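S.K.: Here you go, input-v8.txt (compact mmCIF, C-alpha atoms):
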```
# COMPACT_ATOMS: atom_id res chain seq x y z
CA MET H 1 -60.91 -136.79 -49.33
CA THR H 2 -63.34 -133.94 -49.92
CA ALA H 3 -65.49 -132.78 -47.01
CA PHE H 4 -68.97 -131.88 -48.28
CA ASP H 5 -71.20 -129.29 -46.61
CA LEU H 6 -74.40 -129.54 -48.66
CA ARG H 7 -77.38 -127.56 -47.40
CA HIS H 8 -81.07 -127.60 -48.31
CA GLU H 9 -81.33 -123.84 -48.06
CA ASP H 10 -81.69 -120.61 -50.02
CA CYS H 11 -78.17 -119.58 -50.99
CA VAL H 12 -78.49 -115.94 -49.90
CA ALA H 13 -79.54 -116.83 -46.36
CA GLY H 14 -77.01 -119.64 -46.31
CA MET H 15 -74.04 -117.59 -47.48
CA GLN H 16 -74.78 -114.91 -44.88
CA LYS H 17 -73.79 -117.42 -42.19
CA PHE H 18 -70.21 -117.71 -43.44
CA THR H 19 -67.22 -115.49 -42.68
CA ALA H 20 -66.06 -112.93 -45.22
CA ASN H 21 -62.99 -113.74 -47.33
CA SER H 22 -63.28 -117.47 -46.62
CA ILE H 23 -63.84 -118.94 -50.11
CA ASP H 24 -61.09 -119.62 -52.65
CA LEU H 25 -63.19 -120.62 -55.65
CA VAL H 26 -66.82 -120.37 -56.76
CA VAL H 27 -68.14 -122.39 -59.71
CA THR H 28 -71.85 -122.14 -60.39
CA SER H 29 -74.65 -121.78 -62.91
CA PRO H 30 -77.78 -119.99 -61.66
CA PRO H 31 -81.22 -120.27 -63.25
CA TYR H 32 -81.06 -118.29 -66.50
CA ASN H 33 -84.58 -116.78 -66.34
CA LEU H 34 -85.27 -118.22 -69.79
CA GLY H 35 -88.40 -120.17 -68.90
CA ILE H 36 -86.67 -123.44 -68.03
CA ARG H 37 -88.98 -125.74 -66.08
CA TYR H 38 -87.28 -126.45 -62.75
CA SER H 39 -88.94 -128.52 -60.05
CA LYS H 40 -89.06 -125.85 -57.31
CA PHE H 41 -88.09 -122.58 -59.01
CA SER H 42 -89.95 -120.17 -61.28
CA ASP H 43 -87.67 -119.22 -64.16
CA ARG H 44 -89.92 -116.47 -65.54
CA ALA H 45 -89.23 -113.42 -63.37
CA ASP H 46 -89.49 -109.85 -64.60
CA GLY H 47 -86.19 -108.92 -66.25
CA SER H 48 -85.24 -106.13 -63.84
CA ALA H 49 -86.35 -108.16 -60.83
CA TYR H 50 -84.20 -111.07 -61.98
CA LEU H 51 -81.12 -108.87 -62.35
CA ASP H 52 -81.75 -107.38 -58.90
CA TRP H 53 -81.93 -110.91 -57.46
CA CYS H 54 -78.67 -111.82 -59.20
CA LYS H 55 -76.94 -108.83 -57.70
CA THR H 56 -78.23 -109.83 -54.25
CA TRP H 57 -76.73 -113.32 -54.28
CA ALA H 58 -73.63 -112.16 -56.17
CA ALA H 59 -72.97 -109.57 -53.43
CA GLU H 60 -72.72 -112.43 -50.95
CA VAL H 61 -70.31 -114.26 -53.27
CA ALA H 62 -68.21 -111.09 -53.46
CA ARG H 63 -68.16 -110.82 -49.66
CA LEU H 64 -67.05 -114.43 -49.23
CA LEU H 65 -64.47 -114.59 -52.02
CA LYS H 66 -60.81 -114.11 -51.07
CA ARG H 67 -58.92 -111.28 -52.77
CA ASP H 68 -57.07 -113.76 -55.00
CA GLY H 69 -60.13 -115.94 -55.54
CA SER H 70 -61.96 -116.84 -58.73
CA PHE H 71 -65.68 -116.88 -59.52
CA PHE H 72 -66.63 -118.88 -62.62
CA LEU H 73 -70.19 -118.06 -63.68
CA ASN H 74 -71.84 -120.15 -66.41
CA VAL H 75 -74.79 -118.50 -68.15
CA GLY H 76 -76.56 -119.16 -71.40
CA ALA H 77 -78.97 -117.25 -73.59
CA VAL H 78 -81.63 -117.86 -76.20
CA PRO H 79 -81.60 -116.31 -79.69
CA ALA H 80 -84.62 -114.20 -78.83
CA ASN H 81 -82.78 -112.66 -75.84
CA PRO H 82 -79.08 -112.56 -76.79
CA MET H 83 -78.27 -109.59 -74.55
CA PHE H 84 -79.05 -111.38 -71.30
CA PRO H 85 -75.50 -112.57 -70.42
CA HIS H 86 -74.08 -109.13 -71.19
CA GLU H 87 -76.77 -107.34 -69.17
CA LEU H 88 -75.88 -109.59 -66.25
CA MET H 89 -72.19 -108.69 -66.55
CA VAL H 90 -73.05 -104.98 -66.54
CA GLU H 91 -75.12 -105.53 -63.41
CA LEU H 92 -72.24 -107.26 -61.62
CA ARG H 93 -69.44 -104.91 -62.63
CA ASP H 94 -69.64 -103.02 -59.32
CA LEU H 95 -68.87 -106.27 -57.48
CA PHE H 96 -66.29 -107.99 -59.70
CA VAL H 97 -63.82 -107.48 -62.50
CA LEU H 98 -64.43 -109.56 -65.62
CA GLN H 99 -60.97 -111.11 -65.97
CA ASN H 100 -61.68 -113.68 -68.71
CA THR H 101 -64.60 -114.56 -70.96
CA ILE H 102 -64.63 -118.24 -71.87
CA HIS H 103 -66.87 -119.77 -74.51
CA TRP H 104 -68.12 -123.24 -73.61
CA ILE H 105 -68.57 -124.94 -76.99
CA LYS H 106 -71.13 -127.74 -76.76
CA SER H 107 -71.14 -128.65 -80.43
CA ILE H 108 -68.86 -127.75 -83.32
CA SER H 109 -68.39 -128.50 -87.02
CA ILE H 110 -65.04 -128.00 -88.69
CA ASP H 111 -63.69 -128.53 -92.19
CA PRO H 112 -60.07 -129.63 -91.75
CA GLU H 113 -59.84 -130.72 -95.38
CA PRO H 114 -61.75 -129.56 -98.46
CA GLY H 115 -64.91 -131.58 -98.84
CA GLY H 116 -64.74 -133.15 -95.40
CA THR H 117 -66.80 -131.84 -92.49
CA ILE H 118 -66.42 -133.20 -88.95
CA SER H 119 -69.20 -132.55 -86.42
CA ARG H 120 -68.86 -133.28 -82.70
CA GLY H 121 -70.98 -132.66 -79.63
CA HIS H 122 -74.67 -132.15 -78.89
CA PHE H 123 -77.11 -129.26 -79.23
CA LYS H 124 -80.82 -128.56 -79.16
CA PRO H 125 -81.95 -127.84 -82.74
CA ILE H 126 -83.74 -124.57 -83.45
CA ASN H 127 -86.35 -124.59 -86.19
CA SER H 128 -86.33 -120.95 -87.21
CA PRO H 129 -86.01 -118.84 -90.39
CA ARG H 130 -84.08 -116.22 -88.34
CA PHE H 131 -81.77 -117.91 -85.83
CA LEU H 132 -78.84 -120.29 -85.90
CA ASN H 133 -78.64 -123.36 -83.66
CA ASP H 134 -77.23 -122.28 -80.31
CA CYS H 135 -74.11 -124.39 -79.72
CA HIS H 136 -72.34 -122.48 -76.95
CA GLU H 137 -72.72 -120.82 -73.57
CA TYR H 138 -70.67 -118.26 -71.68
CA LEU H 139 -68.36 -118.95 -68.77
CA PHE H 140 -67.39 -115.66 -67.15
CA HIS H 141 -64.26 -115.62 -64.97
CA LEU H 142 -64.91 -112.93 -62.39
CA THR H 143 -62.38 -111.84 -59.76
CA PRO H 144 -62.27 -109.20 -57.02
CA GLU H 145 -59.53 -107.07 -58.59
CA GLY H 146 -58.80 -108.52 -62.04
CA ASN H 147 -55.32 -109.76 -61.14
CA THR H 148 -55.96 -113.27 -59.81
CA PRO H 149 -53.21 -115.61 -61.03
CA ILE H 150 -54.28 -118.64 -63.06
CA ASP H 151 -52.57 -121.86 -64.10
CA ARG H 152 -52.76 -121.37 -67.88
CA LEU H 153 -50.91 -124.56 -68.74
CA ALA H 154 -53.00 -126.79 -66.47
CA LEU H 155 -55.34 -126.99 -69.47
CA GLY H 156 -52.54 -126.61 -71.99
CA VAL H 157 -52.43 -128.32 -75.37
CA PRO H 158 -49.49 -129.40 -77.58
CA TYR H 159 -48.27 -127.13 -80.37
CA GLU H 160 -49.54 -128.24 -83.75
CA HIS H 161 -46.34 -127.01 -85.37
CA LYS H 162 -43.41 -128.12 -83.20
CA SER H 163 -41.14 -125.41 -84.58
CA ASN H 164 -43.07 -122.98 -82.35
CA ILE H 165 -41.57 -124.61 -79.25
CA ALA H 166 -38.18 -123.06 -80.02
CA ARG H 167 -39.58 -119.96 -81.72
CA TRP H 168 -41.59 -118.66 -78.75
CA ALA H 169 -39.60 -117.77 -75.65
CA HIS H 170 -42.64 -118.10 -73.40
CA ALA H 171 -42.86 -121.81 -74.32
CA GLY H 172 -39.73 -122.42 -72.27
CA GLY H 173 -38.89 -125.43 -74.40
CA ARG H 174 -42.13 -127.18 -73.51
CA ASP H 175 -44.55 -128.62 -76.02
CA ARG H 176 -47.50 -127.03 -74.30
CA ARG H 177 -49.39 -123.81 -74.92
CA CYS H 178 -52.38 -122.05 -73.42
CA ARG H 179 -55.65 -123.63 -74.59
CA GLY H 180 -57.30 -120.24 -74.91
CA ASN H 181 -60.83 -119.14 -74.14
CA THR H 182 -62.78 -121.63 -76.28
CA TRP H 183 -63.47 -124.89 -74.43
CA PHE H 184 -65.07 -127.74 -76.36
CA ILE H 185 -66.78 -129.88 -73.74
CA PRO H 186 -69.70 -131.96 -75.05
CA TYR H 187 -72.37 -133.45 -72.87
CA GLU H 188 -72.08 -137.12 -72.06
CA THR H 189 -74.48 -139.23 -74.12
CA ILE H 190 -77.30 -140.57 -71.96
CA GLN H 191 -80.19 -142.96 -72.50
CA SER H 192 -82.65 -141.48 -70.00
CA ARG H 193 -82.71 -137.88 -68.74
CA LYS H 194 -85.00 -138.86 -65.85
CA LYS H 195 -82.59 -141.50 -64.60
CA GLU H 196 -79.19 -140.14 -65.59
CA ARG H 197 -79.54 -136.33 -65.64
CA PRO H 198 -82.71 -135.41 -63.73
CA HIS H 199 -82.22 -131.65 -64.04
CA PRO H 200 -83.21 -129.38 -66.94
CA ALA H 201 -80.01 -127.30 -67.05
CA THR H 202 -76.66 -128.72 -65.95
CA PHE H 203 -73.07 -128.13 -66.95
CA PRO H 204 -70.78 -131.13 -67.41
CA VAL H 205 -68.53 -132.27 -64.58
CA GLN H 206 -65.57 -131.64 -66.85
CA LEU H 207 -66.46 -127.95 -67.18
CA ALA H 208 -66.23 -127.51 -63.41
CA GLU H 209 -63.01 -129.55 -63.31
CA TRP H 210 -61.41 -127.26 -65.89
CA CYS H 211 -62.41 -124.21 -63.82
CA ILE H 212 -60.74 -125.74 -60.77
CA LYS H 213 -57.58 -126.59 -62.71
CA LEU H 214 -57.39 -123.17 -64.37
CA HIS H 215 -57.58 -121.41 -61.01
CA GLY H 216 -55.01 -123.86 -59.60
CA VAL H 217 -55.95 -127.00 -57.67
CA SER H 218 -53.30 -126.44 -55.02
CA ARG H 219 -54.70 -122.97 -54.28
CA VAL H 220 -58.21 -124.20 -53.47
CA ASN H 221 -59.01 -125.19 -49.91
CA THR H 222 -62.71 -124.24 -49.90
CA MET H 223 -64.96 -124.18 -52.98
CA LEU H 224 -68.55 -122.94 -53.16
CA ASP H 225 -71.51 -123.59 -55.45
CA PRO H 226 -74.55 -121.48 -54.45
CA PHE H 227 -76.78 -123.32 -56.97
CA LEU H 228 -75.72 -126.92 -56.52
CA GLY H 229 -78.40 -128.61 -58.63
CA ILE H 230 -77.59 -132.30 -58.97
CA GLY H 231 -74.03 -131.76 -57.82
CA ASN H 232 -71.76 -131.76 -60.88
CA SER H 233 -69.52 -129.15 -59.26
CA ALA H 234 -69.33 -131.31 -56.14
CA VAL H 235 -68.30 -134.32 -58.22
CA ALA H 236 -65.63 -132.16 -59.87
CA ALA H 237 -64.35 -131.07 -56.45
CA LYS H 238 -64.13 -134.72 -55.43
CA ASN H 239 -62.33 -135.70 -58.63
CA CYS H 240 -59.78 -132.90 -58.12
CA GLY H 241 -59.24 -133.61 -54.44
CA ILE H 242 -60.52 -130.26 -53.17
CA PRO H 243 -60.52 -130.34 -49.33
CA ARG H 244 -63.95 -128.73 -48.83
CA LEU H 245 -67.04 -128.06 -50.95
CA ILE H 246 -69.98 -125.97 -49.76
CA GLY H 247 -73.21 -126.17 -51.73
CA PHE H 248 -76.74 -124.79 -51.45
CA GLU H 249 -79.85 -126.18 -53.15
CA ILE H 250 -83.53 -125.35 -52.53
CA ASP H 251 -84.87 -128.51 -54.20
CA GLU H 252 -84.61 -131.54 -51.92
CA GLY H 253 -84.87 -133.89 -54.90
CA TYR H 254 -81.89 -132.32 -56.68
CA LEU H 255 -79.95 -132.29 -53.40
CA ALA H 256 -80.61 -135.98 -52.86
CA GLU H 257 -79.35 -136.70 -56.37
CA ALA H 258 -76.23 -134.62 -55.71
CA LYS H 259 -75.48 -136.66 -52.59
CA ARG H 260 -76.01 -139.88 -54.52
CA ARG H 261 -73.58 -138.79 -57.20
CA ILE H 262 -70.75 -137.85 -54.87
CA GLU H 263 -71.11 -141.15 -53.02
CA ARG H 264 -70.11 -143.10 -56.12
CA LYS H 265 -66.65 -144.60 -55.72
CA HIS H 266 -65.67 -143.74 -59.29
CA TYR H 267 -67.06 -141.08 -61.58
CA ALA H 268 -65.77 -140.79 -65.13
CA THR H 269 -65.85 -137.40 -66.80
CA ALA H 270 -66.43 -136.83 -70.49
CA ASN H 271 -63.40 -136.45 -72.76
```
Is it possible to express this structure as structure tokens?
M.R.:
Amino acid sequence: MTAFDLRHEDCVAGMQKFTANSIDLVVTSPPYNLGIRYSKFSDRADGSAYLDWCKTWAAEVARLLKRDGSFFLNVGAVPANPMFPHELMVELRDLFVLQNTIHWIKSISIDPEPGGTISRGHFKPINSPRFLNDCHEYLFHLTPEGNTPIDRLALGVPYEHKSNIARWAHAGGRDRRCRGNTWFIPYETIQSRKKERPHPATFPVQLAEWCIKLHGVSRVNTMLDPFLGIGNSAVAAKNCGIPRLIGFEIDEGYLAEAKRRIERKHYATAN
């Protein structure tokens, strides 16, 4: 059973109440400052002011995170401002080491055979003579020192060519290899955003679950999400059996939805 400590509170003030080096894992996605229309948050701050704010809350995350902890930070961009995620990483480099950069693929098209294209996932089309449709976001794996161990095979996949099992010593005779840093996780199909996903910018439950598993489920006692939203990280913590989840959210409507979601007896994640 997961114990939930969900607070209707600004995350900076809230995190200041907790003891340093007390959090094993942080999974979150802050407002991107891209003009998204949230209920109780202005997403149109001056660029430098936004980065200063990010460093303020990230400093509290750094204070709380254990030395072998992991901080998974999901951020997106828009074609007109492609440098934003990288500018944010530069701003946070005094607080964390960027240990892994993961690409969350929301939609993909592949051509496994000549003349046959397979498309999977969902994206928001862009009608532009300059830009491509944006089908991915970043998931930055930040750690205090850059040497946090991870469970690479918790998300492992079978070898396509089974001869590699014997060829590669690191396989250890197992038909399982590291998935790598491209994660295809599509959104669940919904009929009504207002009823089923009443938030303008969420990551899938499965994305948070994969972060938990990559860090190592058995190594997580306390998990934190400073920007809880409608609680997908909390649902992931529940699904993975994490003992404790702390979350902050300034919008009482989103917080109420988060509580409703974690009270469900069963919650299926997307495959």
S.K.: Within 7 Å of Ile230 (chain H), counting only C-alpha atoms, which residues qualify if same-chain residues fewer than 3 places away don't, as number ranges by chain?
M.R.: H: 199, 254-255, 257-258
S.K.: Nearest to Pro85 (chain H): which of H:Ile118, H:Leu139, H:Ala13, H:Ile108 is it, counting all atoms listed in the file?
M.R.: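 Comparing H:Ile118, H:Leu139, H:Ala13, H:Ile108 against Pro85 (chain H), the winner is H:Leu139.
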S.K.: For region 175-182 of chain H, please output as a PDB file with C-alpha atoms, in the coordinates of the input all residues within 7 Å (counting only C-alpha atoms; exclusion window: fewer than 5 positions along the same chain).
M.R.:
```pdb
ATOM      1  CA  THR H 101     -64.600-114.560 -70.960  1.00  0.00           C
ATOM      2  CA  ILE H 102     -64.630-118.240 -71.870  1.00  0.00           C
ATOM      3  CA  HIS H 103     -66.870-119.770 -74.510  1.00  0.00           C
ATOM      4  CA  TRP H 104     -68.120-123.240 -73.610  1.00  0.00           C
ATOM      5  CA  ILE H 105     -68.570-124.940 -76.990  1.00  0.00           C
ATOM      6  CA  ARG H 152     -52.760-121.370 -67.880  1.00  0.00           C
ATOM      7  CA  LEU H 153     -50.910-124.560 -68.740  1.00  0.00           C
ATOM      8  CA  LEU H 155     -55.340-126.990 -69.470  1.00  0.00           C
ATOM      9  CA  GLY H 156     -52.540-126.610 -71.990  1.00  0.00           C
ATOM     10  CA  VAL H 157     -52.430-128.320 -75.370  1.00  0.00           C
ATOM     11  CA  PRO H 158     -49.490-129.400 -77.580  1.00  0.00           C
ATOM     12  CA  TYR H 159     -48.270-127.130 -80.370  1.00  0.00           C
ATOM     13  CA  ILE H 165     -41.570-124.610 -79.250  1.00  0.00           C
TER      14      ILE H 165
END
```
S.K.: For CA of Ser107 (chain H) and CA of Pro125 (chain H), determine how far apart the two atoms are, in Å to one decimal place.
M.R.: 11.1 Å
S.K.: Take CA of Tyr187 (chain H) and CA of Val205 (chain H) and report the distance between them in Å, one decimal.
M.R.: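 Taking CA of Tyr187 (chain H) and CA of Val205 (chain H), their separation equals 9.2 Å.
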S.K.: So which one's closest to Phe4 (chain H), H:His86, H:Lys238, H:His122, H:His215? Using all atoms listed in the file, please.
M.R.: H:Lys238
S.K.: Could you check how far CA of Tyr138 (chain H) sits from CA of Phe184 (chain H), in Å to one decimal?
M.R.: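 So the answer is 12.0 Å.
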S.K.: For Phe71 (chain H), list every protein, DNA or RNA residue within 10 Å, evaluated using all atoms listed in the file, and leave out those in the same chain fewer than 6 positions away; present the list as a list in words.
M.R.: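 Once the adjacent positions are removed, what remains is Ile23, Asp24, Leu25, Val26, Val27, Thr28, Ala58, Val61, Ala62, Leu65, Phe96, Leu98, Gln99, Leu139, Phe140, His141, Leu142, Thr143, Pro144, Cys211, His215, Met223, Leu224 and Asp225 of chain H.
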S.K.: Kindly indicate which residue among H:Ser109, H:Ser70, H:Ser29, H:Asn100 lies nearest to Lys213 (chain H), using only C-alpha atoms for the distances.
M.R.: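 Nearest candidate to Lys213 (chain H) out of H:Ser109, H:Ser70, H:Ser29, H:Asn100: H:Ser70.
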